[in-house]
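**Student:** Handing you this structure, nothing more for now.
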Amino acid sequence: NSEILRKCFEEIDQSQYNSSEVLLEKFKNYAYWSHEEIPCFARCIASEKGWFDIDLSRWNKQRLVDELGANMYNYCRFELNRAFKNVCSFAFKGLKCLKQAEMNVIITHNNLLECVKEKSISMDQLLEYYHFPQLEHIPCLFKCFADKSHLYTVNYEWNVLNWLKAFGPIRNENADISICRVNANEREKMDICAIMYEEYNCWERLNYNTDGISVTYKKALKKIFNF
């Protein structure tokens, strides 16, 4: 929105920049910033969109769901609720996550859809995954998805960045995700599909999604089947 950009540009001390065009070019790449390169700019953008309340220092979650969709919000739900020390950084991380969601949610959806088609899976079969059963009901469904999403290396090590791209930020940034790797003794007793599914189930347990109400999964199913 050019009017929002103009307003936020006006609030910036532009003495350190050559022109507004330089600022605009910087902002176009904000999804890839490792830190906020234009101080408090993301907070201004999110606030002007009505997504972020500066006075209360919190995200307007319902507005995000209404305007961006539940999948986008759910992808970033942990990032939008983290404890923070600097409100500008908090807003920046949230807006950056939403941009990443815009790029990655559709890829995750398409990968799942391809596996559904390849395996001729019905809605009733997929509904069995709502409660994250201990054993996979549809043989190698998750492996199909994992392969398309490149969640593993050729040696079946985790591509952690790809897990984060597929499912979004985890609840606890300091969590030891290595605990989800099936140990060597157990791996000898399991096939690769069972191993991958168990590791995925552990990932969901880290995010408290094993109570049968995974928003990500349900929304994906509804979109696929218009359910």
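Going by the structure tokens order, chains are called A, B, ..., each with residues numbered from 1, while ligands are numbered from 1 in the order shown.
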Please report as a Markdown table every residue of region 53-89 of chain A lying within 12 Å of region 100-118 of chain A, along with the nearest atom pair and their distance in Å (one decimal), using only C-alpha atoms.
**Tutor:**
| residue | atom | partner | partner_atom | distance |
| --- | --- | --- | --- | --- |
| A:Leu68 | CA | A:Glu102 | CA | 8.9 |
| A:Gly69 | CA | A:Glu102 | CA | 10.3 |
| A:Ala70 | CA | A:Val105 | CA | 10.9 |
| A:Asn71 | CA | A:Val105 | CA | 7.2 |
| A:Met72 | CA | A:Ala101 | CA | 5.8 |
| A:Tyr73 | CA | A:Ala101 | CA | 8.4 |
| A:Asn74 | CA | A:Ala101 | CA | 9.3 |
| A:Tyr75 | CA | A:Ala101 | CA | 6.3 |
| A:Cys76 | CA | A:Ala101 | CA | 7.3 |
| A:Arg77 | CA | A:Ala101 | CA | 10.8 |
| A:Glu79 | CA | A:Ala101 | CA | 11.5 |
**Student:** Extract, using only C-alpha atoms, all DNA, RNA and protein residues at most 9 Å from Lys7 (chain A), discarding same-chain residues fewer than 6 positions from it, and format them as a VMD selection string.
**Tutor:** chain A and resid 44 to 45 48
**Student:** Looking only at helix (DSSP H, G or I) from DSSP on the backbone, list the matching residues of region 37-210 of chain A as JSON, numbers by chain.
**Tutor:** {"A": [41, 42, 43, 44, 45, 46, 47, 48, 61, 62, 63, 64, 65, 66, 67, 68, 70, 71, 72, 73, 74, 75, 79, 80, 81, 87, 88, 89, 90, 91, 92, 93, 94, 95, 96, 97, 98, 99, 100, 101, 102, 103, 104, 105, 106, 107, 108, 109, 110, 111, 112, 113, 114, 115, 116, 117, 118, 123, 124, 125, 126, 127, 128, 129, 130, 131, 141, 142, 143, 144, 145, 146, 147, 148, 149, 160, 161, 162, 163, 164, 165, 166, 167, 177, 178, 179, 180, 184, 185, 186, 187, 192, 193, 194, 195, 196, 197, 198, 199, 200, 201, 202, 203, 204, 205, 206]}
**Student:** Would you work out the distance separating CA of Leu206 (chain A) from CA of Asn81 (chain A), expressed in Å to one decimal?
**Tutor:**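 Computed distance, CA of Leu206 (chain A) to CA of Asn81 (chain A), equals 16.2 Å.
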**Student:** Which one of A:Cys140, A:Val22, A:Ala83, A:Leu95 sits closest to Glu198 (chain A) if you count only C-alpha atoms?
**Tutor:**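 Of all the options, A:Cys140 lies closest to Glu198 (chain A).
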**Student:** Identify all residues of region 26-119 of chain A in strand (DSSP E) (DSSP on the backbone) and supply them as an MDAnalysis selection string.
**Tutor:** chainID A and resid 52:53 58:59
